[in-house]
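Worksheet: one structure, shown below.
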Amino acid sequence: MTTLHVDCDGCAARGAGCTDCVISVLLGPPGDVEFEESEVEAMAVLADAGLVPPLRLVSTRPDHRLGDILKVV
């Protein structure tokens, strides 16, 4: 199972992008959280339906490959 580690401190979109990111909407202020693949897929469904904004994470970590598990950025 793939896990997505969201580290808001390492996000290049932090600041202006936080107000329109699903992390802020669902969990409050930016933080550090991990999502399983099924949870990422559920967030994508909610975002596609316009119920929440998409995940705006733009990782600054070179080893963080969002494209492998994340369909909505």
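Naming scheme: A, B, ... for chains in displayed order of the structure tokens; residues 1 onward per chain; ligands 1 onward as shown.
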Open item on the list: What's around range 23-27 of chain A at 10 Å? Count only C-alpha atoms, leave out sequence neighbours fewer than 5 positions away in its own chain, and write the answer as a PyMOL selection string.
Closed with: chain A and resi 6+8+17-18+32-33+43+52-57
Write the residues of the preceding selection, restricted to C-alpha atoms, as an mmCIF file, in the first residue's frame.
```
data_model
loop_
_atom_site.group_PDB
_atom_site.id
_atom_site.type_symbol
_atom_site.label_atom_id
_atom_site.label_comp_id
_atom_site.auth_asym_id
_atom_site.auth_seq_id
_atom_site.Cartn_x
_atom_site.Cartn_y
_atom_site.Cartn_z
ATOM 1 C CA VAL A 6 2.045 15.598 3.447
ATOM 2 C CA CYS A 8 3.219 21.398 4.863
ATOM 3 C CA GLY A 17 -1.895 28.090 -1.440
ATOM 4 C CA CYS A 18 -2.927 26.971 2.052
ATOM 5 C CA ASP A 32 2.181 17.010 8.931
ATOM 6 C CA VAL A 33 -0.068 14.086 8.018
ATOM 7 C CA MET A 43 -10.053 13.365 -1.490
ATOM 8 C CA VAL A 52 -13.451 20.535 -1.285
ATOM 9 C CA PRO A 53 -10.430 22.128 -2.962
ATOM 10 C CA PRO A 54 -7.745 19.758 -4.283
ATOM 11 C CA LEU A 55 -4.506 18.983 -2.522
ATOM 12 C CA ARG A 56 -2.156 21.832 -3.451
ATOM 13 C CA LEU A 57 1.008 20.144 -2.173
#
```
Open item on the list: as a count of residues only, please: every residue in chain A that DSSP puts in strand (DSSP E).
Closed with: 10
TODO: Give the helix (DSSP H, G or I) residues of chain A, as assigned by DSSP on the backbone, as a list in words.
DONE: Cys8, Asp9, Gly10, Ala16, Gly17, Cys18, Thr19, Asp20, Val22, Ile23, Ser24, Val25, Leu26, Leu27, Glu37, Ser38, Glu39, Val40, Glu41, Ala42, Met43, Ala44, Val45, Leu46, Ala47, Asp48, Leu66, Gly67 and Asp68 of chain A
Task: Between CA of Thr2 in chain A and CA of Ala16 in chain A, distance in Å (one decimal) - done: 28.3 Å
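In this structure, CA of Val40 in chain A sits 15.7 Å away from CA of Ser59 in chain A.
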